[in-house]
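Text of my_file-v9.csv (CSV, C-alpha atoms) as supplied:
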chain,number,residue,atom,x,y,z
A,30,MET,CA,23.9,25.0,-28.0
A,31,ASP,CA,22.5,25.2,-24.4
A,32,THR,CA,19.1,23.6,-23.8
A,33,ILE,CA,16.6,25.3,-21.5
A,34,VAL,CA,15.6,22.7,-19.0
A,35,GLY,CA,13.8,22.8,-15.6
A,36,SER,CA,16.0,22.0,-12.7
A,37,LEU,CA,14.4,23.8,-9.8
A,38,ASP,CA,17.4,23.0,-7.6
A,39,THR,CA,19.5,25.3,-9.8
A,40,CYS,CA,17.2,28.2,-9.4
A,41,LYS,CA,16.4,28.1,-5.7
A,42,PRO,CA,17.7,31.2,-4.0
A,43,GLU,CA,19.8,31.1,-0.9
A,44,ASN,CA,17.1,32.9,1.2
A,45,GLY,CA,14.9,29.9,1.0
A,46,ASP,CA,12.1,31.4,-1.1
A,47,VAL,CA,10.5,28.9,-3.4
A,48,ILE,CA,10.8,29.3,-7.1
A,49,ARG,CA,7.6,28.9,-9.1
A,50,PRO,CA,7.7,27.9,-12.8
A,51,ASN,CA,7.2,30.3,-15.7
A,52,GLY,CA,10.4,31.8,-17.3
A,53,PRO,CA,13.8,30.9,-18.6
A,54,VAL,CA,16.5,29.4,-16.5
A,55,ARG,CA,19.6,28.0,-18.3
A,56,SER,CA,21.2,24.7,-17.4
A,57,ALA,CA,23.5,22.2,-19.1
A,58,PRO,CA,22.0,20.2,-21.9
A,59,ARG,CA,20.9,16.7,-21.1
A,60,SER,CA,23.2,14.1,-22.5
A,61,VAL,CA,22.0,11.8,-25.3
A,62,VAL,CA,21.3,8.2,-24.2
A,63,SER,CA,23.9,5.9,-25.9
A,64,ASP,CA,22.3,2.6,-24.9
A,65,SER,CA,19.2,2.1,-26.9
A,66,SER,CA,17.9,-0.6,-24.6
A,67,SER,CA,17.7,2.0,-21.7
A,68,ALA,CA,16.0,4.6,-23.9
A,69,THR,CA,12.5,3.7,-22.6
A,70,LEU,CA,9.4,5.7,-21.9
A,71,GLY,CA,9.7,5.0,-18.2
A,72,ARG,CA,13.3,6.2,-18.1
A,73,HIS,CA,12.5,9.3,-20.0
A,74,LEU,CA,9.7,10.2,-17.7
A,75,ALA,CA,11.8,9.5,-14.6
A,76,HIS,CA,14.7,11.6,-16.0
A,77,ARG,CA,12.3,14.4,-16.9
A,78,LEU,CA,10.9,14.5,-13.3
A,79,VAL,CA,14.4,14.8,-11.9
A,80,GLU,CA,15.3,17.5,-14.4
A,81,ILE,CA,12.5,19.8,-13.2
A,82,GLY,CA,13.4,19.3,-9.5
A,83,VAL,CA,11.1,16.4,-8.5
A,84,ASN,CA,13.2,14.1,-6.3
A,85,HIS,CA,10.3,12.4,-4.5
A,86,VAL,CA,7.3,10.9,-6.2
A,87,PHE,CA,4.3,9.8,-4.1
A,88,SER,CA,2.6,6.6,-5.2
A,89,VAL,CA,0.2,3.8,-4.6
A,90,PRO,CA,0.9,0.6,-6.6
A,91,GLY,CA,-1.7,-0.9,-8.8
A,92,ASP,CA,-1.3,-3.5,-11.5
A,93,PHE,CA,-1.4,-0.9,-14.3
A,94,ASN,CA,1.5,1.2,-13.0
A,95,LEU,CA,3.9,-1.5,-11.6
A,96,ALA,CA,6.2,-1.6,-14.6
A,97,LEU,CA,6.4,2.2,-14.6
A,98,LEU,CA,7.2,2.2,-10.9
A,99,ASP,CA,10.2,-0.1,-11.7
A,100,HIS,CA,11.7,2.7,-13.9
A,101,LEU,CA,11.0,5.4,-11.4
A,102,ILE,CA,12.8,3.4,-8.7
A,103,ALA,CA,15.7,2.8,-11.0
A,104,GLU,CA,16.3,6.6,-11.5
A,105,PRO,CA,19.2,7.6,-9.2
A,106,GLY,CA,17.8,11.0,-8.4
A,107,LEU,CA,14.3,9.9,-7.7
A,108,ASN,CA,12.8,8.5,-4.4
A,109,LEU,CA,9.5,6.6,-4.5
A,110,ILE,CA,7.3,7.3,-1.5
A,111,GLY,CA,4.6,4.7,-0.9
A,112,CYS,CA,1.4,6.1,0.5
A,113,CYS,CA,-1.6,4.5,2.3
A,114,ASN,CA,-4.1,5.6,-0.4
A,115,GLU,CA,-4.3,7.7,-3.5
A,116,LEU,CA,-5.8,10.8,-1.9
A,117,ASN,CA,-2.9,10.8,0.6
A,118,ALA,CA,-0.5,10.6,-2.4
A,119,GLY,CA,-2.2,13.5,-4.1
A,120,TYR,CA,-2.1,15.7,-1.0
A,121,ALA,CA,1.6,14.8,-0.3
A,122,ALA,CA,2.4,15.9,-3.9
A,123,ASP,CA,0.4,19.1,-3.3
A,124,GLY,CA,2.6,19.8,-0.2
A,125,TYR,CA,5.7,18.9,-2.1
A,126,ALA,CA,4.8,21.3,-4.9
A,127,ARG,CA,4.2,24.1,-2.3
A,128,SER,CA,7.7,23.5,-0.9
A,129,ARG,CA,9.7,22.6,-4.0
A,130,GLY,CA,7.8,24.4,-6.8
A,131,VAL,CA,6.5,21.2,-8.5
A,132,GLY,CA,5.2,17.8,-7.3
A,133,ALA,CA,4.2,14.5,-8.8
A,134,CYS,CA,2.1,11.4,-7.9
A,135,VAL,CA,1.6,8.0,-9.5
A,136,VAL,CA,-1.6,6.0,-9.2
A,137,THR,CA,-3.4,3.3,-11.1
A,138,PHE,CA,-6.2,3.5,-13.7
A,139,THR,CA,-9.6,4.8,-12.7
A,140,VAL,CA,-9.9,3.3,-9.2
A,141,GLY,CA,-6.7,5.3,-8.3
A,142,GLY,CA,-7.4,8.2,-10.6
A,143,LEU,CA,-10.8,8.9,-9.2
A,144,SER,CA,-9.5,8.6,-5.7
A,145,VAL,CA,-6.7,11.1,-6.2
A,146,ILE,CA,-8.8,13.6,-8.1
A,147,ASN,CA,-9.9,15.7,-5.1
A,148,ALA,CA,-6.3,16.5,-4.3
A,149,ILE,CA,-5.7,17.4,-7.9
A,150,ALA,CA,-8.7,19.7,-7.9
A,151,GLY,CA,-7.4,21.4,-4.8
A,152,ALA,CA,-4.0,21.9,-6.5
A,153,TYR,CA,-5.8,23.4,-9.5
A,154,SER,CA,-7.6,25.9,-7.4
A,155,GLU,CA,-4.3,26.8,-5.6
A,156,ASN,CA,-2.3,27.2,-8.9
A,157,LEU,CA,0.1,24.4,-8.1
A,158,PRO,CA,2.1,22.6,-10.8
A,159,LEU,CA,1.4,19.0,-10.0
A,160,ILE,CA,2.0,16.1,-12.4
A,161,CYS,CA,-0.5,13.3,-11.9
A,162,ILE,CA,0.7,10.1,-13.6
A,163,VAL,CA,-1.7,7.2,-14.1
A,164,GLY,CA,-0.8,3.7,-15.2
A,165,GLY,CA,-3.3,3.0,-18.0
A,166,PRO,CA,-4.7,-0.1,-19.8
A,167,ASN,CA,-2.6,-2.0,-22.2
A,168,SER,CA,-2.3,-0.1,-25.5
A,169,ASN,CA,-3.9,-3.0,-27.4
A,170,ASP,CA,-7.1,-2.7,-25.4
A,171,TYR,CA,-8.1,0.7,-26.6
A,172,GLY,CA,-10.9,0.6,-29.1
A,173,THR,CA,-11.7,-3.1,-28.4
A,174,ASN,CA,-14.9,-2.5,-26.4
A,175,ARG,CA,-13.4,-4.7,-23.6
A,176,ILE,CA,-14.6,-4.2,-20.0
A,177,LEU,CA,-11.5,-4.1,-17.7
A,178,HIS,CA,-11.1,-4.3,-14.0
A,179,HIS,CA,-10.4,-1.0,-12.2
A,180,THR,CA,-13.1,0.7,-14.3
A,181,ILE,CA,-16.7,1.6,-13.7
A,182,GLY,CA,-17.8,-1.3,-15.9
A,183,LEU,CA,-17.9,0.5,-19.3
A,184,SER,CA,-15.9,-0.3,-22.3
A,185,ASP,CA,-15.2,3.4,-22.9
A,186,PHE,CA,-11.9,4.2,-21.2
A,187,ARG,CA,-12.5,8.0,-21.2
A,188,GLN,CA,-14.4,8.1,-17.8
A,189,GLU,CA,-11.3,9.1,-15.9
A,190,LEU,CA,-10.0,11.4,-18.6
A,191,THR,CA,-13.3,13.3,-18.7
A,192,CYS,CA,-13.1,13.9,-15.0
A,193,PHE,CA,-9.6,15.2,-15.1
A,194,GLU,CA,-10.3,17.6,-18.0
A,195,ALA,CA,-12.0,19.9,-15.5
A,196,VAL,CA,-9.2,20.1,-13.0
A,197,THR,CA,-6.0,20.0,-15.1
A,198,CYS,CA,-4.6,22.3,-17.7
A,199,TYR,CA,-3.4,19.5,-20.0
A,200,GLN,CA,-4.2,15.8,-20.5
A,201,ALA,CA,-1.9,13.3,-22.2
A,202,VAL,CA,-3.1,9.8,-22.9
A,203,VAL,CA,0.1,7.9,-24.0
A,204,ASN,CA,-1.0,4.7,-25.7
A,205,ASN,CA,1.5,4.6,-28.5
A,206,LEU,CA,5.3,5.3,-28.6
A,207,GLU,CA,5.4,7.5,-31.7
A,208,ASP,CA,4.3,10.7,-29.9
A,209,ALA,CA,5.0,9.6,-26.3
A,210,HIS,CA,8.1,11.8,-26.0
A,211,GLU,CA,6.2,14.8,-27.3
A,212,GLN,CA,3.2,14.3,-25.1
A,213,ILE,CA,5.1,13.8,-21.9
A,214,ASP,CA,7.3,16.9,-22.5
A,215,LYS,CA,4.3,18.9,-23.5
A,216,ALA,CA,2.5,18.0,-20.2
A,217,VAL,CA,5.5,18.8,-18.1
A,218,SER,CA,6.0,22.1,-19.9
A,219,MET,CA,2.3,23.0,-19.4
A,220,ALA,CA,2.4,22.2,-15.7
A,221,LEU,CA,5.3,24.6,-15.3
A,222,SER,CA,4.2,27.4,-17.6
A,223,GLU,CA,0.6,27.4,-16.4
A,224,SER,CA,1.3,26.6,-12.7
A,225,LYS,CA,-1.5,24.1,-12.8
A,226,PRO,CA,-1.8,20.3,-12.5
A,227,VAL,CA,-1.6,18.0,-15.6
A,228,TYR,CA,-2.7,14.5,-16.2
A,229,ILE,CA,-0.5,11.8,-17.9
A,230,SER,CA,-1.9,8.4,-18.6
A,231,ILE,CA,0.7,5.8,-19.7
A,232,SER,CA,-0.3,2.4,-21.0
A,233,CYS,CA,1.0,-0.4,-18.8
A,234,ASN,CA,2.9,-2.2,-21.6
A,235,LEU,CA,4.8,0.9,-22.8
A,236,ALA,CA,6.9,1.9,-19.8
A,237,ALA,CA,9.6,-0.6,-20.4
A,238,THR,CA,9.6,-0.3,-24.2
A,239,PRO,CA,12.6,1.4,-25.9
A,240,HIS,CA,12.0,3.9,-28.7
A,241,PRO,CA,14.4,6.0,-30.8
A,242,THR,CA,12.7,9.3,-29.8
A,243,PHE,CA,13.8,8.8,-26.1
A,244,ARG,CA,17.4,9.0,-27.1
A,245,SER,CA,17.3,12.6,-28.1
A,246,ASP,CA,17.3,15.7,-26.0
A,247,PRO,CA,14.0,16.8,-24.5
A,248,VAL,CA,11.9,19.5,-26.1
A,249,PRO,CA,13.0,22.8,-24.4
A,250,PHE,CA,10.7,24.6,-22.0
A,251,SER,CA,10.9,27.5,-19.6
A,252,LEU,CA,10.9,28.2,-15.9
A,253,SER,CA,10.4,31.4,-14.0
A,254,THR,CA,12.1,33.1,-11.0
A,255,LYS,CA,8.8,34.0,-9.3
A,256,SER,CA,9.0,33.5,-5.6
A,257,SER,CA,6.4,32.6,-3.0
A,258,ASN,CA,5.4,35.0,-0.3
A,259,LYS,CA,7.7,33.9,2.6
A,260,MET,CA,5.7,35.8,5.3
A,261,SER,CA,2.4,34.3,4.2
A,262,LEU,CA,3.9,30.8,4.1
A,263,GLU,CA,5.3,31.2,7.7
A,264,ALA,CA,1.9,32.6,8.9
A,265,ALA,CA,0.1,29.6,7.4
A,266,VAL,CA,2.5,27.1,9.0
A,267,GLU,CA,2.0,28.8,12.4
A,268,ALA,CA,-1.8,28.8,12.1
A,269,THR,CA,-1.7,25.1,11.1
A,270,VAL,CA,0.5,24.1,14.1
A,271,GLU,CA,-1.7,26.0,16.5
A,272,PHE,CA,-4.8,24.3,15.1
A,273,LEU,CA,-3.3,20.8,15.4
A,274,ASN,CA,-2.0,21.5,18.9
A,275,LYS,CA,-5.6,22.3,20.0
A,276,ALA,CA,-7.0,19.1,18.6
A,277,VAL,CA,-8.2,16.8,21.3
A,278,LYS,CA,-8.6,13.7,19.2
A,279,PRO,CA,-6.9,14.0,15.7
A,280,VAL,CA,-7.9,10.4,14.9
A,281,LEU,CA,-11.6,9.9,15.0
A,282,GLU,CA,-12.5,6.7,13.3
A,283,VAL,CA,-12.2,4.1,16.0
A,284,SER,CA,-12.4,6.8,18.8
A,285,THR,CA,-15.9,7.6,17.7
A,286,MET,CA,-16.9,4.0,18.0
A,287,ILE,CA,-15.5,3.7,21.5
A,288,ARG,CA,-17.1,7.0,22.6
A,289,ASN,CA,-20.5,5.8,21.3
A,290,GLU,CA,-20.0,2.4,23.0
A,291,GLN,CA,-20.1,0.3,19.8
A,292,LYS,CA,-19.8,-3.4,20.5
A,293,SER,CA,-18.5,-4.4,17.1
A,294,ILE,CA,-15.7,-6.9,16.2
A,295,ILE,CA,-13.1,-5.3,13.9
A,296,PHE,CA,-10.8,-7.7,12.0
A,297,LEU,CA,-7.6,-6.2,10.5
A,298,VAL,CA,-6.0,-8.6,8.1
A,299,ASN,CA,-2.3,-7.9,8.0
A,300,ASN,CA,-0.2,-9.6,5.3
A,301,GLY,CA,2.5,-6.9,5.2
A,302,GLY,CA,1.8,-5.6,1.7
A,303,TYR,CA,-0.1,-5.8,-1.5
A,304,THR,CA,-0.4,-9.6,-2.1
A,305,ILE,CA,-2.4,-9.4,-5.3
A,306,GLU,CA,0.1,-6.9,-6.8
A,307,VAL,CA,3.0,-9.2,-5.9
A,308,GLU,CA,1.4,-12.0,-7.9
A,309,ILE,CA,1.0,-9.6,-10.9
A,310,HIS,CA,4.4,-7.8,-10.8
A,311,ASP,CA,6.6,-7.9,-7.7
A,312,GLY,CA,8.7,-5.0,-6.5
A,313,PRO,CA,9.7,-3.1,-3.3
A,314,TYR,CA,6.6,-0.8,-3.6
A,315,ASN,CA,4.4,-3.8,-2.7
A,316,VAL,CA,5.8,-4.0,0.8
A,317,ILE,CA,4.4,-1.6,3.4
A,318,LYS,CA,5.8,-0.3,6.7
A,319,ASN,CA,3.9,-2.1,9.4
A,320,TRP,CA,2.5,-0.3,12.4
A,321,ASN,CA,1.7,-1.6,15.8
A,322,TYR,CA,-2.0,-1.6,15.0
A,323,THR,CA,-3.3,-3.0,18.2
A,324,GLY,CA,-1.1,-0.5,20.1
A,325,PHE,CA,-2.5,2.3,18.0
A,326,VAL,CA,-6.1,1.3,19.0
A,327,ASP,CA,-5.0,1.0,22.6
A,328,ALA,CA,-3.6,4.5,22.5
A,329,ILE,CA,-6.9,5.8,21.1
A,330,HIS,CA,-8.8,3.9,23.8
A,331,ASN,CA,-6.5,5.4,26.5
A,332,GLY,CA,-8.3,3.5,29.3
A,333,LYS,CA,-11.6,5.3,28.8
A,334,GLY,CA,-14.5,3.3,27.5
A,335,THR,CA,-14.6,-0.4,26.7
A,336,CYS,CA,-12.1,-1.8,24.2
A,337,TRP,CA,-10.2,-5.1,23.8
A,338,THR,CA,-7.4,-5.7,21.3
A,339,THR,CA,-5.4,-8.8,20.4
A,340,LYS,CA,-3.1,-10.2,17.7
A,341,VAL,CA,-3.4,-13.7,16.3
A,342,THR,CA,-1.0,-15.6,14.1
A,343,CYS,CA,-2.7,-19.0,13.6
A,344,GLU,CA,-6.1,-20.6,13.2
A,345,GLU,CA,-6.3,-21.8,16.8
A,346,GLU,CA,-5.6,-18.3,18.1
A,347,LEU,CA,-8.2,-16.8,15.8
A,348,VAL,CA,-10.9,-19.2,17.0
A,349,GLU,CA,-10.0,-18.4,20.6
A,350,ALA,CA,-10.0,-14.6,20.0
A,351,ILE,CA,-13.5,-14.8,18.3
A,352,THR,CA,-14.8,-16.8,21.2
A,353,ILE,CA,-13.5,-14.3,23.7
A,354,ALA,CA,-14.9,-11.4,21.6
A,355,SER,CA,-18.3,-13.1,21.4
A,356,GLU,CA,-18.5,-14.0,25.0
A,357,ALA,CA,-16.3,-12.5,27.7
A,358,LYS,CA,-15.7,-9.3,25.8
A,359,LYS,CA,-19.1,-9.0,24.1
A,360,ASP,CA,-19.7,-5.7,25.7
A,361,CYS,CA,-16.5,-4.2,24.3
A,362,LEU,CA,-15.4,-2.9,21.0
A,363,CYS,CA,-13.1,-5.7,19.9
A,364,PHE,CA,-10.1,-5.2,17.6
A,365,ILE,CA,-8.5,-8.4,16.3
A,366,GLU,CA,-5.3,-8.1,14.1
A,367,VAL,CA,-4.9,-11.3,12.0
A,368,ILE,CA,-1.3,-11.8,10.9
A,369,LEU,CA,-1.0,-13.6,7.6
A,370,HIS,CA,2.0,-14.7,5.6
A,371,LYS,CA,2.5,-12.5,2.6
A,372,ASP,CA,2.1,-15.5,0.3
A,373,ASP,CA,-1.1,-16.8,2.0
A,374,THR,CA,-3.5,-16.6,-0.9
A,375,SER,CA,-5.8,-18.8,-2.9
A,376,LYS,CA,-5.0,-20.8,-6.0
A,377,GLU,CA,-7.6,-18.8,-7.9
A,378,LEU,CA,-6.0,-15.5,-6.9
A,379,LEU,CA,-2.6,-16.8,-8.1
A,380,GLU,CA,-4.0,-17.8,-11.4
A,381,TRP,CA,-5.8,-14.5,-11.8
A,382,GLY,CA,-2.6,-12.6,-11.0
A,383,SER,CA,-0.7,-14.6,-13.6
A,384,ARG,CA,-3.3,-13.8,-16.3
A,385,VAL,CA,-3.4,-10.1,-15.4
A,386,SER,CA,0.4,-10.0,-15.6
A,387,ALA,CA,0.3,-11.6,-19.0
A,388,ALA,CA,-2.4,-9.3,-20.3
A,389,ASN,CA,-0.7,-6.1,-19.0
A,390,SER,CA,2.7,-7.0,-20.5
A,391,ARG,CA,1.4,-7.7,-24.1
A,392,PRO,CA,3.7,-5.7,-26.5
A,393,PRO,CA,2.3,-2.9,-28.5
A,394,ASN,CA,0.5,-4.0,-31.7
A,395,HIS,CA,2.2,-2.3,-34.6
A,396,ASP,CA,-0.4,-3.4,-37.2
Would you mind writing the file's structure down as structure tokens?
Amino acid sequence: MDTIVGSLDTCKPENGDVIRPNGPVRSAPRSVVSDSSSATLGRHLAHRLVEIGVNHVFSVPGDFNLALLDHLIAEPGLNLIGCCNELNAGYAADGYARSRGVGACVVTFTVGGLSVINAIAGAYSENLPLICIVGGPNSNDYGTNRILHHTIGLSDFRQELTCFEAVTCYQAVVNNLEDAHEQIDKAVSMALSESKPVYISISCNLAATPHPTFRSDPVPFSLSTKSSNKMSLEAAVEATVEFLNKAVKPVLEVSTMIRNEQKSIIFLVNNGGYTIEVEIHDGPYNVIKNWNYTGFVDAIHNGKGTCWTTKVTCEEELVEAITIASEAKKDCLCFIEVILHKDDTSKELLEWGSRVSAANSRPPNHD
């Protein structure tokens, strides 16, 4: 018997119109996983995203979502796109949903969720199916009254969920494996049928855990053949391009300081990635694409105003740069990029990372 699944690629018309979810489209049934060790929550979610047409997921790594990111990376049809911050990830997923019919982003608990929520609210107002996935606390920590990092200092873990209830049509808090399959499929189905964002929180210790329910076919759901308005989309793109072309200074942060003749010293500490996350759980998502940051500031400066930039790679160069910035260039806005080795960190941070890794990876308590 055929299973109704959600591959948006199979229902995209040749004229380029975008298919929006909400009606039946038939596709071949998903095969049953034969290897029980690979029948994990993370794999199920990754496979589910690909099934509905999501081939790119926008993410910001955080210690609660690192194990989940491993499974998303391992999915052949899924590309993980690292973003500068959670709000960027949310808006990227928003744009992806407008183009492809559905989008997804992955952030970490509370500090990431509360950062991405403005983009989710925008998607809600625009009727966009967007799946916001949050790496949540270890399942054993629920109900313990513990105060965790990445929270607002309360032992109640509902703060983030409460915020998302107003801007999503469905919320799934997955902190046990028994109903994880059902919760994930329900959330995905709701995003597609309601054309609204959904919230899925997954405990950090569950992503890599196998469970018999992940071996079965997914719960069927429906998609529609509703198309976007091609003329309106083209008009919006043209208006956006015209607006950007008229922009004199699209980047304002540093440029505003130069224009107002600020004489501050800015230190940019560049270690090429997320060092603390590496100590907790290493992976390719912890390495960022480096820019020429001093060149970027020089381009904003553009020879107008007073600005001095330099890069330093050792203590002696740093001391010299500070001296120059404090004396010869004291009337300039000074930008000093400090290049650090990716493993240059304190013993205390290494120990803390090890403890967080152990805490996050505790297996579920079946008592």
Item to complete: For region 73-90 of chain A, work out the shell of residues within 7 Å, counting all atoms listed in the file and skipping chain neighbours fewer than 5 positions away, then give it as a ChimeraX atom specification.
Response: /A:34-38,95,100-101,104,106-112,114-115,118,121-122,131-137,243,314-315
Contacts of region 193-205 of chain A at 7 Å (only C-alpha atoms; same-chain gap of 5+ positions) as a PDB file with C-alpha atoms, keeping the file's coordinate frame:
ATOM      1  CA  ILE A 149      -5.700  17.400  -7.900  1.00  0.00           C
ATOM      2  CA  ALA A 150      -8.700  19.700  -7.900  1.00  0.00           C
ATOM      3  CA  TYR A 153      -5.800  23.400  -9.500  1.00  0.00           C
ATOM      4  CA  SER A 168      -2.300  -0.100 -25.500  1.00  0.00           C
ATOM      5  CA  GLN A 212       3.200  14.300 -25.100  1.00  0.00           C
ATOM      6  CA  ALA A 216       2.500  18.000 -20.200  1.00  0.00           C
ATOM      7  CA  MET A 219       2.300  23.000 -19.400  1.00  0.00           C
ATOM      8  CA  LYS A 225      -1.500  24.100 -12.800  1.00  0.00           C
ATOM      9  CA  PRO A 226      -1.800  20.300 -12.500  1.00  0.00           C
ATOM     10  CA  VAL A 227      -1.600  18.000 -15.600  1.00  0.00           C
ATOM     11  CA  TYR A 228      -2.700  14.500 -16.200  1.00  0.00           C
ATOM     12  CA  ILE A 229      -0.500  11.800 -17.900  1.00  0.00           C
ATOM     13  CA  SER A 230      -1.900   8.400 -18.600  1.00  0.00           C
ATOM     14  CA  ILE A 231       0.700   5.800 -19.700  1.00  0.00           C
ATOM     15  CA  SER A 232      -0.300   2.400 -21.000  1.00  0.00           C
TER      16      SER A 232
END
Discussion item. As an exercise, work out the distance from CA of Glu366 (chain A) to CA of Asn289 (chain A) in Å and give it to one decimal place.
Written reply: 21.8 Å
Worksheet item: Looking at all atoms listed in the file, which of A:Ser67, A:Glu207, A:Ser154, A:Asn234 is the one that sits closest to Asn169 (chain A)?
Response: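 Among the listed residues, the smallest separation from Asn169 (chain A) belongs to A:Asn234.
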Item to complete: Counting all atoms listed in the file, write as JSON, numbers by chain all protein and nucleic acid residues lying at most 8 Å from (3.8, -9.5, -10.9) in the file's frame.
Response: {"A": [92, 306, 307, 308, 309, 310, 311, 312, 382, 383, 386]}
Worksheet item: Rounded to one decimal in Å, what is the spacing between CA of Asp372 (chain A) and CA of Ala387 (chain A)?
Response: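 We find that CA of Asp372 (chain A) and CA of Ala387 (chain A) lie 19.8 Å from each other.
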Fill in: Nearby residues (all atoms listed in the file) at most 12 Å from Ser284 (chain A), same-chain spacing under 4 positions excluded, as a PyMOL selection string
chain A and resi 277-280+288-291+325-336+362
Practice prompt. Would you work out the distance separating CA of Ile317 (chain A) from CA of Ile102 (chain A), expressed in Å to one decimal?
Written response: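 Result for CA of Ile317 (chain A) versus CA of Ile102 (chain A): 15.6 Å, one decimal.
Using all atoms listed in the file, the smallest distance between any of A:Ser128, A:Thr242, A:Asn156, A:Val266 and Ala220 (chain A) comes from A:Asn156.
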Worksheet item: Within 12 Å of Leu183 (chain A), counting all atoms listed in the file, which residues qualify if same-chain residues fewer than 5 places away don't, as JSON, numbers by chain?
Response: {"A": [139, 173, 174, 175, 176, 177, 178, 188, 189]}
Worksheet item: Hey, what's within 7 Å of Ile365 (chain A) if we count only C-alpha atoms and toss same-chain stuff fewer than 4 positions away? As a PyMOL selection string, please?
Response: chain A and resi 295-297+338-340
Worksheet item: Pick from A:Asn94, A:Thr323, A:Asn299, A:Thr180: nearest to Leu235 (chain A), with all atoms listed in the file counted?
Response: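 Of A:Asn94, A:Thr323, A:Asn299, A:Thr180, the one nearest Leu235 (chain A) is A:Asn94, counting all atoms listed in the file.
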Worksheet entry | Among listed residues A:Thr191, A:Ser222, A:Thr238, A:Ser293, nearest Ser355 (chain A) (using all atoms listed in the file) | A:Ser293
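In this comparison, which uses only C-alpha atoms, the residue of A:Pro313, A:Pro393, A:Gly119, A:Gly301 approaching Val145 (chain A) most closely is A:Gly119.
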